[in-house]
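K.L.:
If you scroll down you'll find the structure; I have some questions about it.
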2 protein chains.
Amino acid sequence: MKILIAEDEKALQSSIQTYLDRDGNVCEVASDFYEAQQKIALYDYDIIVLDVNLDTGSGLEILRIIKKEQKKVGVVIISANSSLEDKLEGLDLGADDYITKPFHLAELNSRIKAVLRRGKFGGSDTIEFHEIRVNTSSRTVYVEDKAITLTRKEYDLLLFFISNQGRVLSKGIIAEHLWGDNSDLLDNFDFIYVHINNLRKKLKGAGARYIKTAYGSGYKFIAE
Amino acid sequence: MKILIAEDEKALQSSIQTYLDRDGNVCEVASDFYEAQQKIALYDYDIIVLDVNLDTGSGLEILRIIKKEQKKVGVVIISANSSLEDKLEGLDLGADDYITKPFHLAELNSRIKAVLRRGKFGGSDTIEFHEIRVNTSSRTVYVEDKAITLTRKEYDLLLFFISNQGRVLSKGIIAEHLWGDNSDLLDNFDFIYVHINNLRKKLKGAGARYIKTAYGSGYKFIAE
DNA sequence: GTAGATTCTAAAGATAATTTAAAGATTTTA
DNA sequence: TAAAATCTTTAAATTATCTTTAGAATCTAC
């Protein structure tokens, strides 16, 4: 997921970024009002983590801009102030969730995930990528509206690809996400080739079209 | 990227090295305080992975040396101790991130990547040099907004050039960064000519414009 | 506990990248 | 200016990485 972190406190900014990056997101940061405004105008984000106490301008002002421009983006507000009015004002203006300093990064992360589930996929549990559609609650996958049957590894791999689209994923990173713990100990990741091959076959044309080989560095899931 | 692993536990040392190597980095190792100190004095690294519990001397001492000598290098500390004071002391002394044993290698790797991005290129995953644009997460390179395909060596070489722009880079230095340790065993660096040539061709006009030959001493990446 | 599905291993074949080699061009040195 | 050193360029040899298949090992559901 592509996330903008609008936060002026450098230490917090970088620890949020580190945490969210590690979770497979693509983060950018903005340290002040103008930078945030600019980046929002230029790029599309899935989520904006917005500190409403940005020093050079009100974070709430950014929220107004987003909503005025009809941007379809989830907004999670960070505030130092836990007063109820603040909270209501933020949510009223269209924020999707609200978190008060200090907080655990894991909590911020799970709220982001919840916002994404609720908002991005229209409250539904469907993820789409061109002709591929995934229903996350029933774990069914459709290619051009025809259901295909994926094994657990193939399904996990597909979701990992879709949620990291555009990024080159090394075999090590893939192994870490799909096999966890003991993947460190593995001395070869050759079996990933087999899963890639199987997933490509099951996705038919879409597999070849979207799962690109980055020779020597990994795989990339991308359209075109 | 060129990475020094200062870790005395042999098993961990070698698994870190294997993992980071496989991810396309060039790693060297130091097993004790003196070896680390020596290598840091002699070579330039992009990242030092530093175990603060090195047996023959405090790892934090090395951190002090690095900072005293103004070395521009990212430091990721490994510690067996997760106490807050330890962590703060490390970060206070100038470490860029901190990780507690035991950890997943992929996690260490993504922290290293985050440190590199934050430090060198201001947090963004896009590096620009005139009409050349590199997206480090998708590993794509654009020349005048048209994507070009680079092999791993060409990509590494380009990034090495961009991050050392203006400096004359000898073939020895280039070899050391792209081929690592055993590069000093090589008796000729002629293959670098080939990679330079290939990269220049793929960068089209920009290649000729920016990769300047410094006859007898190396190459320099610069826009006149 | 067994049958069937899934995952992993192994290996051959295909493809792509890297290095070697060598001929020709350019720059420096004497 | 001629010789020596260094660099450019191309093609071929070598090596690395990826694809694909088949079957063995493992897991799962009944």
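By convention in this document, the chains of the structure tokens carry letters A, B, ... by their order, each chain's residues are numbered from 1, and ligands are numbered from 1 in the order they are shown.
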Only residues of chain B matter here; which ones have an atom within 9 Å of chain D, counting only C-alpha atoms (C1' of nucleotides)? Give them as a ChimeraX atom specification.

P.N.:
/B:193-194,197,213,215-216

K.L.:
Just the selected residues (C-alpha atoms), exported as a PDB file, in the first residue's frame, please.

P.N.:
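Result file follows (result38.pdb):
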```pdb
ATOM      1  CA  TYR B 193      35.003  -1.484 -19.541  1.00  0.00           C
ATOM      2  CA  VAL B 194      32.270  -3.705 -20.869  1.00  0.00           C
ATOM      3  CA  ASN B 197      30.045   0.587 -22.331  1.00  0.00           C
ATOM      4  CA  THR B 213      36.317   9.026 -18.678  1.00  0.00           C
ATOM      5  CA  TYR B 215      41.986   8.808 -18.543  1.00  0.00           C
ATOM      6  CA  GLY B 216      44.358   6.837 -16.381  1.00  0.00           C
TER       7      GLY B 216
END
```

K.L.:
How close does chain A get to chain B? List, as JSON lines, each residue of chain A within 6 Å, its nearest atom pair and the distance in Å to one decimal, counting only C-alpha atoms.

P.N.:
```
{"residue": "A:Gly166", "atom": "CA", "partner": "B:Ser138", "partner_atom": "CA", "distance": 5.5}
{"residue": "A:Arg167", "atom": "CA", "partner": "B:Ser138", "partner_atom": "CA", "distance": 4.3}
{"residue": "A:Val168", "atom": "CA", "partner": "B:Ser138", "partner_atom": "CA", "distance": 5.1}
```

K.L.:
Could you name the residues that touch Asp96 in chain B at 8 Å or less, counting only C-alpha atoms (C1' of nucleotides), but leaving out those on the same chain fewer than 3 positions away, as number ranges by chain?

P.N.:
B: 74-77, 91, 115

K.L.:
Looking at A:Asn198, A:Gln13, A:Gln38, A:Ser163, which one is nearest to Phe221 in chain A, with distances taken over only C-alpha atoms?

P.N.:
A:Ser163

K.L.:
Tell me as a PyMOL selection string which residues belonging to chain C come within 8 Å of chain A, counting only C-alpha atoms (C1' of nucleotides).

P.N.:
chain C and resi 6+8-9+16

K.L.:
Mind dumping the selected residues with N, CA and C atoms (P, O5', C5', C4', C3', O3' and C1' of nucleotides) as a PDB file, in the first residue's frame?

P.N.:
```pdb
ATOM      1  P    DT C   6      -5.120 -28.792  -3.324  1.00  0.00           P
ATOM      2  O5'  DT C   6      -3.677 -28.734  -2.643  1.00  0.00           O
ATOM      3  C5'  DT C   6      -3.588 -28.672  -1.231  1.00  0.00           C
ATOM      4  C4'  DT C   6      -2.147 -28.788  -0.831  1.00  0.00           C
ATOM      5  C3'  DT C   6      -1.212 -27.756  -1.447  1.00  0.00           C
ATOM      6  O3'  DT C   6      -0.710 -26.977  -0.375  1.00  0.00           O
ATOM      7  C1'  DT C   6      -0.247 -29.925  -1.464  1.00  0.00           C
ATOM      8  P    DC C   8       6.737 -25.740   1.016  1.00  0.00           P
ATOM      9  O5'  DC C   8       7.788 -26.801   0.479  1.00  0.00           O
ATOM     10  C5'  DC C   8       8.121 -27.906   1.325  1.00  0.00           C
ATOM     11  C4'  DC C   8       8.969 -28.885   0.534  1.00  0.00           C
ATOM     12  C3'  DC C   8      10.288 -28.318  -0.003  1.00  0.00           C
ATOM     13  O3'  DC C   8      11.329 -29.117   0.556  1.00  0.00           O
ATOM     14  C1'  DC C   8       9.129 -29.527  -1.697  1.00  0.00           C
ATOM     15  P    DT C   9      12.882 -28.825   0.238  1.00  0.00           P
ATOM     16  O5'  DT C   9      13.183 -29.862  -0.930  1.00  0.00           O
ATOM     17  C5'  DT C   9      13.040 -31.251  -0.666  1.00  0.00           C
ATOM     18  C4'  DT C   9      13.499 -32.043  -1.874  1.00  0.00           C
ATOM     19  C3'  DT C   9      14.852 -31.628  -2.447  1.00  0.00           C
ATOM     20  O3'  DT C   9      15.597 -32.824  -2.607  1.00  0.00           O
ATOM     21  C1'  DT C   9      13.211 -31.662  -4.161  1.00  0.00           C
ATOM     22  P    DA C  16      15.576 -14.172 -22.472  1.00  0.00           P
ATOM     23  O5'  DA C  16      16.640 -13.572 -21.465  1.00  0.00           O
ATOM     24  C5'  DA C  16      16.455 -13.764 -20.059  1.00  0.00           C
ATOM     25  C4'  DA C  16      17.750 -13.436 -19.382  1.00  0.00           C
ATOM     26  C3'  DA C  16      18.450 -12.206 -19.961  1.00  0.00           C
ATOM     27  O3'  DA C  16      18.577 -11.282 -18.896  1.00  0.00           O
ATOM     28  C1'  DA C  16      19.973 -14.035 -19.714  1.00  0.00           C
TER      29       DA C  16
END
```

K.L.:
Calculate the C-alpha RMSD, in Å to one decimal, after superposing chain B onto chain A by least squares over all C-alpha atoms paired in sequence order.

P.N.:
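Least-squares fit of chain B onto chain A, C-alpha RMSD 7.6 Å.
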
K.L.:
In Å, rounded to a single decimal, give me how far CA of Gln165 in chain A is from CA of Lys202 in chain B.

P.N.:
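For CA of Lys202 in chain B relative to CA of Gln165 in chain A, the distance reads 25.6 Å.
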
K.L.:
I need the residues in range 11-66 of chain B that are helix (DSSP H, G or I) according to DSSP; give them as an mmCIF file with C-alpha atoms, in the first residue's frame.

P.N.:
```
data_model
loop_
_atom_site.group_PDB
_atom_site.id
_atom_site.type_symbol
_atom_site.label_atom_id
_atom_site.label_comp_id
_atom_site.auth_asym_id
_atom_site.auth_seq_id
_atom_site.Cartn_x
_atom_site.Cartn_y
_atom_site.Cartn_z
ATOM 1 C CA ALA B 11 27.034 -18.589 12.698
ATOM 2 C CA LEU B 12 25.081 -15.353 12.798
ATOM 3 C CA GLN B 13 27.820 -13.553 10.899
ATOM 4 C CA SER B 14 27.681 -15.971 8.032
ATOM 5 C CA SER B 15 23.914 -16.171 7.833
ATOM 6 C CA ILE B 16 23.658 -12.378 7.759
ATOM 7 C CA GLN B 17 26.270 -12.309 5.046
ATOM 8 C CA THR B 18 24.582 -14.987 2.976
ATOM 9 C CA TYR B 19 21.252 -13.225 3.219
ATOM 10 C CA LEU B 20 22.522 -9.759 2.374
ATOM 11 C CA ASP B 21 24.740 -11.071 -0.401
ATOM 12 C CA ARG B 22 21.812 -12.822 -1.954
ATOM 13 C CA PHE B 33 36.917 -4.915 17.597
ATOM 14 C CA TYR B 34 40.299 -4.458 15.929
ATOM 15 C CA GLU B 35 39.294 -5.926 12.611
ATOM 16 C CA ALA B 36 36.210 -3.737 12.503
ATOM 17 C CA GLN B 37 38.205 -0.647 13.455
ATOM 18 C CA GLN B 38 40.775 -1.367 10.765
ATOM 19 C CA LYS B 39 38.299 -2.000 7.978
ATOM 20 C CA ILE B 40 36.307 1.081 8.820
ATOM 21 C CA ALA B 41 39.472 3.163 8.665
ATOM 22 C CA LEU B 42 40.461 1.724 5.317
ATOM 23 C CA GLY B 59 30.711 -2.039 19.784
ATOM 24 C CA LEU B 60 29.626 1.325 21.052
ATOM 25 C CA GLU B 61 33.273 2.316 21.033
ATOM 26 C CA ILE B 62 33.330 1.713 17.303
ATOM 27 C CA LEU B 63 30.259 3.846 16.924
ATOM 28 C CA ARG B 64 32.107 6.655 18.726
ATOM 29 C CA ILE B 65 35.066 6.293 16.376
ATOM 30 C CA ILE B 66 32.820 6.437 13.322
#
```

K.L.:
Can you work out the spacing between CA of Tyr155 in chain B and CA of Ile173 in chain A in Å, to one decimal?

P.N.:
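Interatomic distance here is 19.8 Å.
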
K.L.:
Can you work out the spacing between CA of Tyr98 in chain B and CA of Asn188 in chain A in Å, to one decimal?

P.N.:
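That distance, rounded to one decimal, is 27.8 Å.
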